[in-house]
Structures are given as C-alpha cells and as structure tokens.
$ cat structure.txt   # compact mmCIF, C-alpha atoms
# COMPACT_ATOMS: atom_id res chain seq x y z
CA MET G 1382 99.82 14.50 106.98
CA VAL G 1383 96.02 14.35 107.18
CA ALA G 1384 94.55 13.22 110.49
CA THR G 1385 90.90 12.36 111.10
CA PRO G 1386 90.03 12.77 114.78
CA GLU G 1387 86.77 11.65 116.36
CA THR G 1388 85.17 14.94 115.37
CA GLY G 1389 85.08 13.71 111.80
CA THR G 1390 86.95 16.82 110.68
CA ARG G 1391 89.93 16.30 108.41
CA VAL G 1392 92.91 18.27 109.68
CA GLU G 1393 96.15 18.79 107.81
CA ILE G 1394 99.36 19.01 109.85
CA ALA G 1395 102.65 19.46 108.02
CA LEU G 1396 105.20 16.70 108.61
CA TYR G 1397 108.25 15.77 106.57
CA ASP G 1398 108.87 12.11 105.70
CA VAL G 1399 110.77 10.98 108.81
CA GLN G 1400 108.29 12.72 111.10
CA ASP G 1401 105.36 11.16 109.27
CA ASP G 1402 106.85 7.67 109.45
CA PHE G 1403 107.49 8.07 113.17
CA VAL G 1404 103.97 9.35 113.87
CA HIS G 1405 102.34 6.39 112.12
CA ASP G 1406 104.64 3.65 113.42
CA ASP G 1407 102.85 1.17 115.70
CA HIS G 1408 105.84 -0.69 117.20
CA LYS G 1409 105.71 -0.96 120.97
CA TYR G 1410 108.87 1.13 121.49
CA VAL G 1411 109.54 3.89 118.98
CA VAL G 1412 112.13 6.65 119.15
CA PHE G 1413 112.75 9.69 116.98
CA LEU G 1414 116.39 10.71 117.29
CA GLY G 1415 116.88 14.21 115.97
CA GLY G 1416 119.37 17.03 115.87
CA ARG G 1417 118.55 20.31 117.54
CA PHE G 1418 115.64 22.05 115.80
CA ALA G 1419 114.91 18.94 113.72
CA GLY G 1420 111.23 18.95 114.69
CA LYS G 1421 111.32 15.88 116.90
CA SER G 1422 109.17 17.36 119.71
CA HIS G 1423 106.60 18.50 117.15
CA ALA G 1424 106.37 14.95 115.82
CA GLY G 1425 106.09 13.52 119.33
CA ALA G 1426 103.31 15.95 120.21
CA VAL G 1427 101.40 15.10 117.03
CA LYS G 1428 101.67 11.38 117.79
CA ALA G 1429 100.51 11.95 121.39
CA ALA G 1430 97.60 14.13 120.28
CA LEU G 1431 96.43 11.50 117.81
CA LYS G 1432 96.42 8.96 120.63
CA CYS G 1433 93.83 11.21 122.31
CA THR G 1434 91.31 10.56 119.55
CA GLN G 1435 90.61 7.27 121.36
CA PRO G 1436 89.70 6.59 125.01
CA GLY G 1437 92.46 5.58 127.38
CA LEU G 1438 95.02 6.93 129.84
CA GLY G 1439 98.20 8.41 128.37
CA LEU G 1440 101.31 10.07 129.73
CA VAL G 1441 103.31 13.08 128.53
CA ALA G 1442 106.67 13.17 130.34
CA ALA G 1443 110.00 14.99 130.32
CA PRO G 1444 113.16 14.84 132.44
CA ASN G 1445 112.31 17.87 134.59
CA PHE G 1446 109.66 20.54 135.17
CA PRO G 1447 110.97 23.27 132.81
CA MET G 1448 111.34 20.81 129.94
CA LEU G 1449 107.84 19.48 130.58
CA GLU G 1450 106.05 22.82 131.02
CA HIS G 1451 107.88 24.95 128.46
CA ALA G 1452 108.40 22.38 125.72
CA ALA G 1453 106.57 19.03 125.71
CA LYS G 1454 103.31 20.07 127.39
CA ARG G 1455 102.99 23.36 125.52
CA THR G 1456 103.62 21.69 122.16
CA PHE G 1457 101.17 18.90 122.97
CA LEU G 1458 98.38 21.34 123.91
CA ASP G 1459 98.96 23.23 120.65
CA ARG G 1460 98.53 19.99 118.71
CA LEU G 1461 95.28 19.19 120.54
CA ASP G 1462 94.00 22.61 119.49
CA ALA G 1463 95.09 21.98 115.90
CA LEU G 1464 93.18 18.68 115.85
CA GLY G 1465 90.04 20.32 117.24
CA LEU G 1466 90.03 18.32 120.47
CA PRO G 1467 88.74 20.52 123.35
CA TYR G 1468 90.18 19.51 126.71
CA GLU G 1469 89.68 20.23 130.39
CA GLN G 1470 92.84 20.78 132.43
CA HIS G 1471 93.08 19.67 136.06
CA LYS G 1472 96.20 21.55 137.09
CA SER G 1473 96.14 20.43 140.73
CA LEU G 1474 96.22 16.82 139.53
CA GLY G 1475 98.69 17.40 136.70
CA SER G 1476 96.31 15.97 134.11
CA LEU G 1477 93.67 16.75 131.53
CA THR G 1478 90.62 15.02 130.06
CA ILE G 1479 89.07 15.14 126.60
CA PRO G 1480 85.34 14.64 127.14
CA ARG G 1481 84.55 14.07 123.46
CA THR G 1482 86.80 11.00 123.15
CA GLY G 1483 87.14 9.76 126.73
CA ALA G 1484 90.91 10.23 126.67
CA GLU G 1485 92.84 11.27 129.78
CA VAL G 1486 96.46 12.47 129.94
CA VAL G 1487 98.80 12.69 132.92
CA PHE G 1488 101.83 15.02 132.90
CA ALA G 1489 104.91 13.93 134.84
CA THR G 1490 108.59 14.66 135.29
CA LEU G 1491 111.10 11.82 135.42
CA GLU G 1492 113.66 12.74 138.07
CA THR G 1493 112.81 9.46 139.85
CA GLU G 1494 110.74 6.41 139.03
CA SER G 1495 108.22 7.24 141.79
CA ARG G 1496 106.68 9.81 139.44
CA ILE G 1497 105.18 7.14 137.18
CA ARG G 1498 104.58 4.16 139.47
CA GLY G 1499 100.98 3.16 140.09
CA PRO G 1500 98.71 3.74 137.08
CA GLY G 1501 98.83 1.67 133.92
CA PHE G 1502 99.06 3.68 130.71
CA ALA G 1503 97.85 2.89 127.21
CA TRP G 1504 100.59 5.08 125.78
CA ALA G 1505 103.38 7.40 126.88
CA TRP G 1506 105.48 10.05 125.17
CA VAL G 1507 108.86 11.01 126.68
CA ASP G 1508 110.47 14.14 125.26
CA GLU G 1509 114.30 14.39 125.45
CA LEU G 1510 114.63 10.83 126.66
CA GLU G 1511 118.45 10.91 126.77
CA TYR G 1512 118.33 13.56 129.51
CA VAL G 1513 116.55 11.11 131.85
CA SER G 1514 119.30 10.44 134.34
CA ARG G 1515 118.42 6.99 135.70
CA GLN G 1516 118.03 3.73 133.81
CA SER G 1517 115.67 2.54 136.56
CA THR G 1518 113.18 5.31 135.70
CA TRP G 1519 113.05 4.19 132.07
CA THR G 1520 112.62 0.57 133.15
CA ALA G 1521 109.76 1.50 135.47
CA LEU G 1522 108.08 3.48 132.70
CA LYS G 1523 108.25 0.51 130.33
CA GLY G 1524 106.44 -1.53 132.95
CA ALA G 1525 103.77 1.14 133.39
CA VAL G 1526 102.77 1.24 129.70
CA ARG G 1527 100.66 -1.91 129.65
CA GLU G 1528 96.97 -1.13 129.12
CA GLY G 1529 94.77 -1.63 126.07
CA PRO G 1530 95.17 -3.74 122.94
CA ASN G 1531 98.37 -2.04 121.68
CA PRO G 1532 100.24 -0.18 124.45
CA GLN G 1533 102.97 2.02 123.03
CA LEU G 1534 105.89 3.93 124.51
CA PHE G 1535 107.49 6.48 122.19
CA ALA G 1536 110.24 9.02 122.71
CA THR G 1537 111.89 11.99 121.04
CA THR G 1538 115.43 13.07 121.84
CA THR G 1539 118.80 14.36 120.75
CA PRO G 1540 121.55 11.76 121.36
CA ARG G 1541 123.82 12.14 124.37
CA GLY G 1542 126.80 9.94 123.70
CA ARG G 1543 126.13 6.22 123.59
CA ARG G 1544 123.57 5.78 126.32
CA LEU G 1545 120.04 4.46 126.52
CA VAL G 1546 118.95 4.77 122.89
CA TRP G 1547 122.26 3.41 121.61
CA SER G 1548 122.06 0.43 123.94
CA GLU G 1549 118.40 -0.47 123.43
CA TRP G 1550 117.74 0.49 119.81
CA VAL G 1551 121.15 -0.08 118.19
CA GLN G 1552 123.22 -2.56 120.19
CA HIS G 1553 120.40 -4.81 121.43
CA PRO G 1554 117.38 -4.22 119.17
CA ASP G 1555 114.41 -6.56 118.92
CA PRO G 1556 111.30 -6.63 116.70
CA GLN G 1557 109.39 -4.43 119.17
CA HIS G 1558 111.78 -1.47 118.67
CA ALA G 1559 111.85 1.07 115.82
CA LEU G 1560 114.31 3.95 115.41
CA TYR G 1561 113.93 7.05 113.24
CA ARG G 1562 116.65 9.64 112.78
CA ALA G 1563 116.83 13.13 111.26
CA GLY G 1564 119.50 15.80 111.38
CA THR G 1565 118.83 19.50 111.90
CA LEU G 1566 119.39 20.29 108.23
CA GLY G 1567 116.71 17.77 107.28
CA ASN G 1568 113.89 19.95 108.64
CA PRO G 1569 112.41 21.77 105.60
CA PHE G 1570 110.06 23.94 107.69
CA VAL G 1571 112.74 26.13 109.35
CA ASP G 1572 115.82 28.11 108.34
CA ALA G 1573 118.06 25.31 109.57
CA ALA G 1574 121.17 26.52 107.76
CA THR G 1575 121.19 29.86 109.60
CA PHE G 1576 120.43 28.18 112.91
CA VAL G 1577 123.33 25.75 112.49
CA ARG G 1578 125.75 28.45 111.34
CA ASP G 1579 124.99 30.64 114.38
CA LEU G 1580 125.64 27.75 116.78
CA GLY G 1581 129.20 27.39 115.50
CA TYR G 1582 129.46 23.68 116.34
CA THR G 1583 132.26 21.59 114.83
CA GLY G 1584 133.67 18.08 115.09
CA GLN G 1585 132.05 15.61 117.44
CA THR G 1586 129.71 18.19 118.92
CA TYR G 1587 128.37 18.93 115.43
CA ALA G 1588 127.95 15.20 114.78
CA GLN G 1589 125.91 14.78 117.96
CA GLU G 1590 123.90 18.00 118.16
CA ILE G 1591 123.26 18.60 114.44
CA ASP G 1592 123.60 15.24 112.64
CA ALA G 1593 122.04 13.26 115.54
CA GLN G 1594 124.91 10.78 115.54
CA PHE G 1595 125.90 8.58 118.46
CA VAL G 1596 129.24 9.99 119.54
CA ALA G 1597 131.56 8.35 122.04
CA PHE G 1598 133.66 11.32 123.10
CA GLU G 1599 137.34 10.44 123.45
CA GLY G 1600 139.68 12.20 125.87
CA LEU G 1601 137.03 13.20 128.40
CA VAL G 1602 138.14 15.92 130.80
CA TYR G 1603 136.25 14.35 133.71
CA PRO G 1604 136.26 10.58 133.14
CA GLY G 1605 135.54 10.07 136.86
CA PHE G 1606 132.01 11.44 136.52
CA HIS G 1607 129.41 8.65 136.63
CA ARG G 1608 125.65 9.16 136.66
CA GLU G 1609 124.86 6.38 139.12
CA GLN G 1610 127.38 7.73 141.61
CA HIS G 1611 127.04 11.48 141.23
CA ILE G 1612 123.36 12.15 140.47
CA GLN G 1613 121.58 12.37 143.79
CA THR G 1614 118.90 14.33 145.61
CA VAL G 1615 120.49 16.02 148.63
CA ASP G 1616 118.97 18.05 151.46
CA CYS G 1617 121.24 21.10 151.55
CA THR G 1618 119.52 22.93 154.40
CA GLY G 1619 122.07 25.09 156.16
CA TRP G 1620 124.79 24.57 153.55
CA ALA G 1621 126.89 27.49 152.30
CA THR G 1622 125.94 28.69 148.82
CA ALA G 1623 127.61 30.38 145.85
CA LEU G 1624 126.48 30.99 142.27
CA GLY G 1625 128.64 30.52 139.19
CA LEU G 1626 127.68 32.61 136.17
CA ASP G 1627 128.91 32.24 132.59
CA THR G 1628 127.15 34.61 130.21
CA GLY G 1629 126.29 34.50 126.53
CA THR G 1630 124.10 36.16 123.92
CA ARG G 1631 124.01 33.73 121.01
CA ASN G 1632 125.55 31.14 123.31
CA PRO G 1633 123.64 30.05 126.42
CA THR G 1634 123.96 31.74 129.78
CA ALA G 1635 124.65 29.23 132.57
CA CYS G 1636 123.96 30.10 136.20
CA LEU G 1637 124.70 27.29 138.68
CA THR G 1638 123.65 27.15 142.33
CA VAL G 1639 126.42 25.35 144.24
CA ARG G 1640 126.00 24.24 147.88
CA SER G 1641 128.79 23.05 150.20
CA SER G 1642 129.21 21.54 153.64
CA GLY G 1643 132.68 20.51 154.74
CA GLU G 1644 134.16 18.58 151.81
CA ARG G 1645 130.72 17.91 150.32
CA VAL G 1646 129.76 19.92 147.24
CA HIS G 1647 126.33 19.69 145.61
CA LEU G 1648 125.03 21.30 142.42
CA GLU G 1649 121.42 21.99 143.30
CA ARG G 1650 120.06 23.94 140.37
CA GLU G 1651 120.90 25.28 136.93
CA LEU G 1652 119.63 28.08 134.76
CA TYR G 1653 120.59 27.46 131.13
CA ARG G 1654 119.10 29.72 128.50
CA THR G 1655 119.99 31.22 125.12
CA GLY G 1656 119.21 34.74 123.97
CA MET G 1657 119.04 36.47 127.34
CA SER G 1658 119.59 40.23 127.41
CA ALA G 1659 121.87 41.81 130.02
CA SER G 1660 118.88 42.97 132.05
CA GLU G 1661 117.31 39.50 131.94
CA ILE G 1662 120.57 37.94 133.14
CA VAL G 1663 120.77 40.40 136.03
CA ALA G 1664 117.14 39.83 137.02
CA ALA G 1665 117.45 36.02 136.87
CA THR G 1666 120.70 36.06 138.87
CA VAL G 1667 119.22 38.33 141.55
CA ARG G 1668 116.19 36.04 141.87
CA GLU G 1669 118.35 32.96 142.31
CA TYR G 1670 120.74 34.76 144.68
CA GLU G 1671 117.82 35.74 146.92
CA ARG G 1672 116.03 32.40 146.64
CA SER G 1673 119.10 30.35 147.47
CA GLY G 1674 120.51 32.64 150.15
CA ALA G 1675 123.84 32.75 148.32
CA SER G 1676 126.71 34.71 149.81
CA LEU G 1677 128.64 35.11 146.56
CA VAL G 1678 128.28 35.06 142.78
CA VAL G 1679 131.38 34.32 140.69
CA VAL G 1680 131.09 35.82 137.22
CA ASP G 1681 132.69 35.37 133.81
CA PRO G 1682 135.65 37.80 134.02
CA SER G 1683 134.95 39.24 130.56
CA SER G 1684 131.50 40.47 131.65
CA THR G 1685 132.64 43.71 133.27
CA GLY G 1686 129.39 45.59 132.64
CA LEU G 1687 127.34 42.74 134.09
CA ILE G 1688 129.55 42.62 137.18
CA LEU G 1689 128.85 46.31 137.83
CA ASP G 1690 125.11 45.80 137.32
CA LEU G 1691 125.06 42.91 139.80
CA GLN G 1692 127.00 44.93 142.34
CA ARG G 1693 124.56 47.81 141.97
CA ALA G 1694 121.78 45.29 142.66
CA GLY G 1695 123.41 44.54 146.01
CA LEU G 1696 125.03 41.19 145.24
CA GLN G 1697 128.44 40.15 146.53
CA VAL G 1698 130.29 39.61 143.24
CA ARG G 1699 133.72 38.23 142.45
CA LYS G 1700 135.37 38.26 139.03
CA ALA G 1701 136.24 34.67 138.13
CA ASN G 1702 139.73 33.32 137.68
CA ASN G 1703 139.70 31.90 134.15
CA ASP G 1704 142.79 29.68 134.46
CA ILE G 1705 141.35 26.66 132.68
CA ILE G 1706 144.04 24.11 133.54
CA THR G 1707 144.13 24.96 137.25
CA GLY G 1708 140.33 25.11 137.29
CA ILE G 1709 140.07 21.60 135.86
CA GLN G 1710 142.42 20.37 138.57
CA ARG G 1711 140.21 21.93 141.24
CA VAL G 1712 137.03 20.45 139.77
CA SER G 1713 138.69 17.03 139.57
CA ALA G 1714 139.60 17.33 143.27
CA VAL G 1715 135.95 18.05 144.09
CA LEU G 1716 134.50 15.06 142.18
CA PRO G 1717 135.01 12.39 144.90
CA HIS G 1718 132.79 14.45 147.22
CA PHE G 1719 130.47 15.92 144.57
CA THR G 1720 126.80 15.30 143.75
CA VAL G 1721 124.41 16.91 141.27
CA ASP G 1722 120.63 17.08 141.22
CA ALA G 1723 118.98 15.17 138.36
CA SER G 1724 117.29 18.36 137.15
CA CYS G 1725 120.66 19.82 136.06
CA ILE G 1726 120.48 18.11 132.69
CA ASN G 1727 122.71 20.50 130.76
CA PHE G 1728 125.48 20.26 133.33
CA ILE G 1729 125.27 16.46 133.25
CA ALA G 1730 125.34 16.40 129.45
CA GLU G 1731 128.39 18.68 129.37
CA MET G 1732 130.25 16.57 131.96
CA GLU G 1733 129.76 13.57 129.70
CA SER G 1734 130.98 15.31 126.53
CA TYR G 1735 133.58 17.90 127.66
CA HIS G 1736 136.74 16.64 125.98
CA TYR G 1737 140.26 17.43 124.83
CA PRO G 1738 141.25 17.68 121.16
CA GLU G 1739 142.61 14.56 119.50
CA ARG G 1740 146.28 13.84 120.25
CA HIS G 1741 146.31 16.52 122.94
CA ALA G 1742 149.40 17.41 124.93
CA GLU G 1743 149.56 17.71 128.71
CA ARG G 1744 148.97 21.48 128.77
CA ASP G 1745 146.24 21.57 126.11
CA VAL G 1746 142.84 22.92 127.06
CA PRO G 1747 139.51 21.24 126.18
CA VAL G 1748 137.61 21.83 122.97
CA LYS G 1749 135.72 25.12 123.27
CA GLU G 1750 132.24 23.75 122.55
CA PHE G 1751 129.21 22.92 124.70
CA ASP G 1752 131.04 24.07 127.84
CA HIS G 1753 129.01 26.84 129.46
CA CYS G 1754 128.14 24.88 132.62
CA MET G 1755 131.73 23.64 132.76
CA ASP G 1756 133.00 27.22 132.80
CA SER G 1757 130.48 28.30 135.41
CA PHE G 1758 131.30 25.42 137.76
CA ARG G 1759 135.02 25.91 137.30
CA TYR G 1760 134.64 29.57 138.29
CA VAL G 1761 133.05 28.56 141.61
CA CYS G 1762 135.61 25.88 142.36
CA LEU G 1763 138.54 28.22 141.71
CA ALA G 1764 136.95 31.01 143.76
CA VAL G 1765 136.03 29.06 146.88
CA MET G 1766 138.22 25.96 146.98
CA GLY G 1767 141.80 26.26 148.17
CA PRO G 1768 144.74 24.04 147.21
CA ARG G 1769 144.19 21.96 150.36
CA LYS G 1770 140.84 20.79 148.99
CA ARG G 1771 138.85 22.67 151.59
CA VAL G 1772 135.76 24.53 150.42
CA ARG G 1773 135.52 28.09 151.71
CA PHE G 1774 132.42 30.13 150.89
CA VAL G 1775 132.54 33.67 152.20
$ encode --input "structure.txt" --output "structure tokens"
Amino acid sequence: MVATPETGTRVEIALYDVQDDFVHDDHKYVVFLGGRFAGKSHAGAVKAALKCTQPGLGLVAAPNFPMLEHAAKRTFLDRLDALGLPYEQHKSLGSLTIPRTGAEVVFATLETESRIRGPGFAWAWVDELEYVSRQSTWTALKGAVREGPNPQLFATTTPRGRRLVWSEWVQHPDPQHALYRAGTLGNPFVDAATFVRDLGYTGQTYAQEIDAQFVAFEGLVYPGFHREQHIQTVDCTGWATALGLDTGTRNPTACLTVRSSGERVHLERELYRTGMSASEIVAATVREYERSGASLVVVDPSSTGLILDLQRAGLQVRKANNDIITGIQRVSAVLPHFTVDASCINFIAEMESYHYPERHAERDVPVKEFDHCMDSFRYVCLAVMGPRKRVRFV
C-alpha cells in the first residue's frame, strides 16, 4: 500500500489484500475480524494514522489500560513515524497533536461509557472491540463519532462467541456496516504456521482464535455467568485477599487477585501473559501480593520449584487442590455472589467459552483449552471456600 500524507512524501507500508481493503473502506462502521496474529491491529493503526493526515479530532481506544498502552497506542505511534508525521504528546491529557496537519488524537480506555462522553470525534479506532464488556459503552461511542463530512468508527478484534460483531455486522447489518475477516494463517508477513502449531488449539477454540469464526460454545461449564450481572466496579477496601496462580511457558501465566467479604467474592485484577520466565513470574507475583495486601497465594500444584521460590520471597503459599470437578462445583456456588472488574478481559472471555466436550458424561472434565484463568480461579475457590459456601481467607 502506498500512502501520500500531507508531507507530500510517498510512503510504502506493506498490507495484504484484506488489510488493504479494510484500510481504504469508507463505510461509517467498519470492522476487521481477525485470528490471533492476523495483523488486524497493524491494519487498524495504519487506518488511524492515515486519518491524521487531515485536521480533526480522533480517538484511539481499547478495553483497558494495558491493551491501550502496550498494543493499540504503541502500534499507532509506530505508524505515525512510518508516515513521517511528527507529533507532540500531551501525556497528562491523554492526547497528542500533529501540528503539520492540525490533527488531534485522544487515547481512552473503555471500561465505562464515561470515558468517551463529551467531545465529538471525526473518527475512532477501537482495538479488540469484542473485549469491551458493556453494550452501552459501544452505543455511547457510536454517538460520539459525529463530526466532519464523513465520520467513521472502525474496529479490529478477534471474535468472542456471538456477541457485538455477530449481532451488528452479521445478524442485523445495514448499508453503513462493512465486515472484513482474515484467519491467522492468512497473514503472509509472519511465520503463522509455527505460531499456530505452538498454541496447540483444536476444535471450537481453533475456529475462534485462529480462523476468526463466530463460535457459539455448547455445553458451557458456567452458563450462569452473564456480563450485565457479573461485571461491576466494586470498592474492596478492607476485604480479605488471595491470589490464584496458574503458570505457563508457552501457555499464558494467569495470576488473579480475588477479594472477599462475607459471601461476596470479587475478581479485582488479572495478570495474563505468555512467555514469562520463572524469575519474571516470581517478581510479578510478589509485586501483586504486596500491592494487594494478600494473605495467601494458591499455586498450580505442578509448579514445585516456583512454590519454593515464592516461599523464599516471604509469601504465604499453598499448593492448589487440582480436583477439577469439585473445583467447578465450588466456583458455581460462588457465582450468585460473584463480581468481576471489567479490566479482567481474559477471565471474562474464558468464562464465556469454557466448555465440556460434545456428548459429555456427568463426570467428564472440560476441554483443556483457553482455561488458564479458570484454573487459577478454581484454585482459590477450592483453597478458601468450604463446603458450607463460606469464604475463609487466612
């Protein structure tokens, strides 16, 4: 793709066909649905950067702060550099300006709709749209993109079941909507085959995460979990605290900060990261233990070396009970009194896709895919919740 910014300099940025079509589409609502590593965020950042060759107020947004700072914003700034558009950041305001073109960009997270109420935008890019937890936030954003001759709201995301994109772009489309889709293996600029093989996904998880298909998971383990009911912001001051830790090397490490008060249980925070070394896991767990004031960390029972390292660091550590069936029963007992912060996007996504195999029997365990937060939370519930449904943090 050759772009011509206001500088008059012709700049070549590599895009494959689906990316290029998405970048140049001028429908009011455009979405690029891609598998993991399919280059969707790159395409979104290119489209957003090209918007900055004209004056106007734009928005770069993501579901939470880590996804904004470490993915969408960083990629967007790289594309501005590639296009030769010098910018001035105003970090205290969460914005930047491009003096040469008169463009201004606001950066925002989308935990609640209050983040984007007020200004009118000429354009907005939302990265990982399907992780936005509340429909009302998306509705408010659509109302905020209203300025200029051709206001445009575009998004990039991996599907998460049959949610917002399925409803708006597939079930109830209109002429203002355009949908582009690409699987992981369709990205010619990366070693996608090795990436996919190392993930080890199969079945419905492969269809969703790699092929970017809309999957309605059957046989959900926790069918009682509902976003509108369970996703809440809760003041947990004075609540008892424990961490659940499920470790991985190729697979993600999931560290959950769980608060409790009486029967109430709240998941306040998640760390979810792939490729962490043992020392990095220890350091991150110690930081969260000290920050949260936790009294206990419950650890994957197979991680014996890590347990010793955490104990040497002064943490109160308990080896987790890995009885999956009993653990699921305990988690199910917690759900009526459970809430989760909107920032815990991986936990929420796993709750909505954690499922049993087809034609499962009563004592079958769930499919062992995309379950790292599920394991971590189950460890905490089994460690601190007795059979009488009373939470006991030591």
$ residues_around --input "structure.txt" --residues "segment 1473-1479 of chain G" --least-positions-apart "6" --cutoff "9 Å" --atoms "only C-alpha atoms" --output "list in words"
Cys1433, Thr1434, Pro1436, Leu1440, Leu1466, Pro1467, Glu1485, Val1486, Val1487, Phe1488 and Ala1489 of chain G
$ closest_residue --input "structure.txt" --among "G:Arg1496, G:Leu1652, G:Gln1516, G:Asn1632" --to "Lys1749 of chain G" --atoms "only C-alpha atoms"
G:Asn1632
$ residues_near_point --input "structure.txt" --point "(120.8, 34.6, 147.1)" --cutoff "12 Å" --atoms "only C-alpha atoms" --output "MDAnalysis selection string"
chainID G and resid 1621:1625 1637:1640 1664:1678 1691 1694:1698
$ residues_around --input "structure.txt" --residues "Leu1414 of chain G" --least-positions-apart "3" --cutoff "7 Å" --atoms "all atoms listed in the file" --output "list in words"
Thr1537, Thr1538, Thr1539, Pro1540, Tyr1561, Arg1562, Ala1563 and Ala1593 of chain G
$ closest_residue --input "structure.txt" --among "G:Glu1549, G:Pro1738, G:Val1765, G:Ala1430" --to "Arg1711 of chain G" --atoms "all atoms listed in the file"
G:Val1765
$ closest_residue --input "structure.txt" --among "G:Thr1520, G:Gly1619, G:Val1748, G:Asn1568" --to "Val1399 of chain G" --atoms "all atoms listed in the file"
G:Asn1568
$ residues_around --input "structure.txt" --residues "Leu1648 of chain G" --least-positions-apart "6" --cutoff "10 Å" --atoms "only C-alpha atoms" --output "MDAnalysis selection string"
chainID G and resid 1612:1615 1617 1622 1624 1637:1641 1719:1725 1728 1758
